[in-house]
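Structure file run_33.txt (compact mmCIF, C-alpha atoms) is printed below.
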# COMPACT_ATOMS: atom_id res chain seq x y z
CA MET G 136 96.19 92.80 86.26
CA ARG G 137 94.37 96.15 85.89
CA PRO G 138 96.77 98.83 87.14
CA SER G 139 95.70 102.47 87.35
CA ILE G 140 96.71 105.78 88.88
CA VAL G 141 94.32 108.10 90.70
CA ILE G 142 95.39 111.67 89.92
CA GLU G 143 94.85 114.05 92.85
CA ASP G 144 97.01 116.12 95.23
CA ASP G 145 98.76 112.91 96.31
CA PRO G 146 98.43 110.33 93.50
CA VAL G 147 97.54 106.78 94.45
CA ILE G 148 98.74 103.77 92.43
CA LEU G 149 96.28 100.86 92.27
CA ILE G 150 97.56 97.40 91.35
CA PRO G 151 94.78 94.79 91.52
CA LEU G 152 95.12 91.22 90.29
CA THR G 153 91.73 90.33 88.80
CA TYR G 154 89.80 87.29 87.64
CA ASP G 155 87.49 87.75 84.62
CA PHE G 156 84.23 85.82 84.31
CA ASN G 157 83.27 85.36 80.64
CA LEU G 158 79.46 85.29 80.47
CA ARG G 159 77.25 85.30 77.42
CA ALA G 160 73.60 86.35 77.79
CA ALA G 161 71.05 85.93 75.00
CA ASP G 162 68.53 88.71 74.46
CA ALA G 163 65.04 88.60 72.92
CA LEU G 164 66.40 89.00 69.35
CA ASP G 165 68.52 85.85 69.72
CA THR G 166 71.79 87.74 69.55
CA THR G 167 74.44 87.35 72.22
CA LEU G 168 75.94 90.02 74.39
CA ALA G 169 79.34 89.18 75.81
CA VAL G 170 79.60 90.51 79.35
CA ALA G 171 82.80 90.08 81.34
CA PRO G 172 82.48 90.90 85.05
CA TYR G 173 85.66 90.81 87.10
CA VAL G 174 86.73 90.79 90.76
CA GLY G 175 90.13 91.13 92.32
CA ALA G 176 92.40 92.25 95.10
CA GLY G 177 95.80 93.85 95.33
CA VAL G 178 97.69 96.82 96.73
CA ALA G 179 97.09 100.56 96.82
CA ILE G 180 100.21 102.72 97.11
CA GLU G 181 99.81 106.29 98.37
CA THR G 182 102.60 108.57 97.09
CA SER G 183 102.37 111.43 99.62
CA ASP G 184 105.20 112.51 101.95
CA ASP G 185 103.96 109.95 104.48
CA ALA G 186 103.40 107.25 101.85
CA SER G 187 101.57 104.11 102.81
CA VAL G 188 100.61 100.79 101.26
CA GLY G 189 97.20 99.23 101.81
CA PHE G 190 94.84 96.49 100.72
CA LEU G 191 92.75 97.02 97.55
CA LEU G 192 89.47 95.39 96.48
CA SER G 193 88.33 95.79 92.89
CA GLY G 194 85.31 94.76 90.82
CA GLY G 195 83.50 95.74 87.67
CA VAL G 196 82.26 94.76 84.24
CA ASP G 197 83.48 95.03 80.65
CA VAL G 198 81.00 95.06 77.74
CA PRO G 199 82.31 94.86 74.16
CA LEU G 200 80.78 97.55 71.94
CA SER G 201 82.56 96.41 68.75
CA THR G 202 85.76 94.62 67.83
CA ASN G 203 87.68 97.81 68.61
CA PHE G 204 85.88 99.33 71.64
CA THR G 205 84.81 98.08 75.08
CA ALA G 206 82.67 99.89 77.67
CA THR G 207 83.87 99.43 81.24
CA ALA G 208 82.68 100.27 84.74
CA GLY G 209 84.51 99.46 87.94
CA VAL G 210 84.70 100.11 91.67
CA ASN G 211 87.90 100.18 93.72
CA ALA G 212 88.08 100.25 97.53
CA ALA G 213 91.49 101.10 98.98
CA PHE G 214 92.14 100.55 102.69
CA LEU G 215 94.93 103.02 103.53
CA ASP G 216 94.89 105.44 106.50
CA GLU G 217 91.18 105.70 105.77
CA THR G 218 88.97 103.78 103.34
CA ASP G 219 88.67 105.36 99.90
CA VAL G 220 86.16 104.16 97.31
CA GLY G 221 86.25 105.20 93.66
CA LEU G 222 84.07 104.61 90.62
CA MET G 223 85.48 104.41 87.11
CA ILE G 224 83.37 104.52 83.93
CA GLY G 225 84.83 104.65 80.45
CA VAL G 226 85.40 103.27 76.98
CA GLY G 227 88.60 101.46 76.07
CA TYR G 228 90.26 100.76 72.75
CA ASN G 229 91.12 97.11 72.02
CA PHE G 230 94.53 96.65 70.43
CA SER G 231 94.50 93.59 68.20
CA GLY G 232 97.38 91.49 66.97
CA LEU G 233 99.54 91.88 70.07

Here is a file; write its structure as structure tokens.
Amino acid sequence: MRPSIVIEDDPVILIPLTYDFNLRAADALDTTLAVAPYVGAGVAIETSDDASVGFLLSGGVDVPLSTNFTATAGVNAAFLDETDVGLMIGVGYNFSGL
């Protein structure tokens, strides 16, 4: 699960259930780069006065930068009163030992 909240005038809560593909690609220097694309679906919950719940499609990729940090990029498409598409790009911290 990759929950998130879109902060705007009327916040939207995104709750996708995702499947991660664990791929390893070798480059020219014979080192490996772990790439983890993911796809999923779930619900989008609009929190306005006339709140609604809709279908959510999600997909993206995670690329480990080190043992502590991972680069991520993802796309979410929420089908509420109208279709909203959002792009997320960032770097995440990996908590170890949990």

Q | Ile142 in chain G surroundings by only C-alpha atoms, 12 Å radius, close-in-sequence under 5 positions cut, as a ChimeraX atom specification | A | /G:147-149,181-183,221

Q | For CA of Ala206 in chain G and CA of Asp219 in chain G, the interatomic separation in Å (one decimal) | A | 23.7 Å

Q) With all atoms listed in the file as the basis for distance, which of G:Thr202, G:Met136, G:Ser193, G:Ala169 is at the shortest distance from Met223 in chain G? A)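 Answer, going by the shortest atom-to-atom distance: G:Ser193.
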
Q) Residues at most 10 Å from Ser201 in chain G, counting all atoms listed in the file, excluding those fewer than 4 positions away in the same chain, as a list in words? A)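 The residues that qualify are Thr205, Ala206, Tyr228 and Asn229 of chain G.
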
Given the selection you just returned, output its residues as a file containing C-alpha atoms, formatted as a CSV table (one decimal), keeping the file's coordinate frame.
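Result went into selection-v5.csv, see below:
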chain,number,residue,atom,x,y,z
G,205,THR,CA,84.8,98.1,75.1
G,206,ALA,CA,82.7,99.9,77.7
G,228,TYR,CA,90.3,100.8,72.8
G,229,ASN,CA,91.1,97.1,72.0

Determine the axis-aligned bounding box of all atoms of range 197-207 of chain G present in the file, pad each side by 6 Å, and express its centre and edge lengths in Å to one decimal place as lines of an AutoDock Vina configuration file.
center_x = 84.2
center_y = 97.3
center_z = 74.5
size_x = 18.9
size_y = 17.3
size_z = 25.4

Q) Which of these, G:Val198, G:Ala212, G:Val188, G:Val226, has the shortest distance to Val174 in chain G once you count all atoms listed in the file? A)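 Among the listed residues, the smallest separation from Val174 in chain G belongs to G:Ala212.
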
Q.
To one decimal place in Å, what is the distance between CA of Phe214 in chain G and CA of Asn157 in chain G?
A.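 Between CA of Phe214 in chain G and CA of Asn157 in chain G the gap is 28.2 Å.
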
Q) Nearest to Pro151 in chain G: which of G:Ala171, G:Leu222, G:Ala208, G:Ala176 is it, counting only C-alpha atoms? A)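 Among the listed residues, G:Ala176 lies closest to Pro151 in chain G.
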
Q: Check the smallest atom-to-atom distance from each of G:Gly227, G:Pro138, G:Pro172, G:Pro146 to Ala186 in chain G using only C-alpha atoms, then report the winner.
A: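 For Ala186 in chain G, the nearest of the candidates is G:Pro146.
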
Q: Considering only C-alpha atoms, return as number ranges by chain whatever protein or nucleic-acid residues lie within 7 Å of Tyr173 in chain G, sequence-local ones (same chain, fewer than 2 positions apart) excluded.
A: G: 153-156, 171, 175, 194-196

Q. When distances are computed from only C-alpha atoms, which of G:Leu192, G:Val170, G:Val141, G:Ala179 shows the smallest separation from Asp216 in chain G?
A.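 Ranking G:Leu192, G:Val170, G:Val141, G:Ala179 by distance to Asp216 in chain G, first place goes to G:Ala179.
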
Q: Could you jot down the CA of Leu215 in chain G to CA of Arg137 in chain G separation for me, Å, one decimal place?
A: 18.9 Å

(Q) Considering all atoms listed in the file, can you say which of G:Ser231, G:Leu152, G:Ala213, G:Gly225 comes closest to Ser187 in chain G? (A) G:Ala213
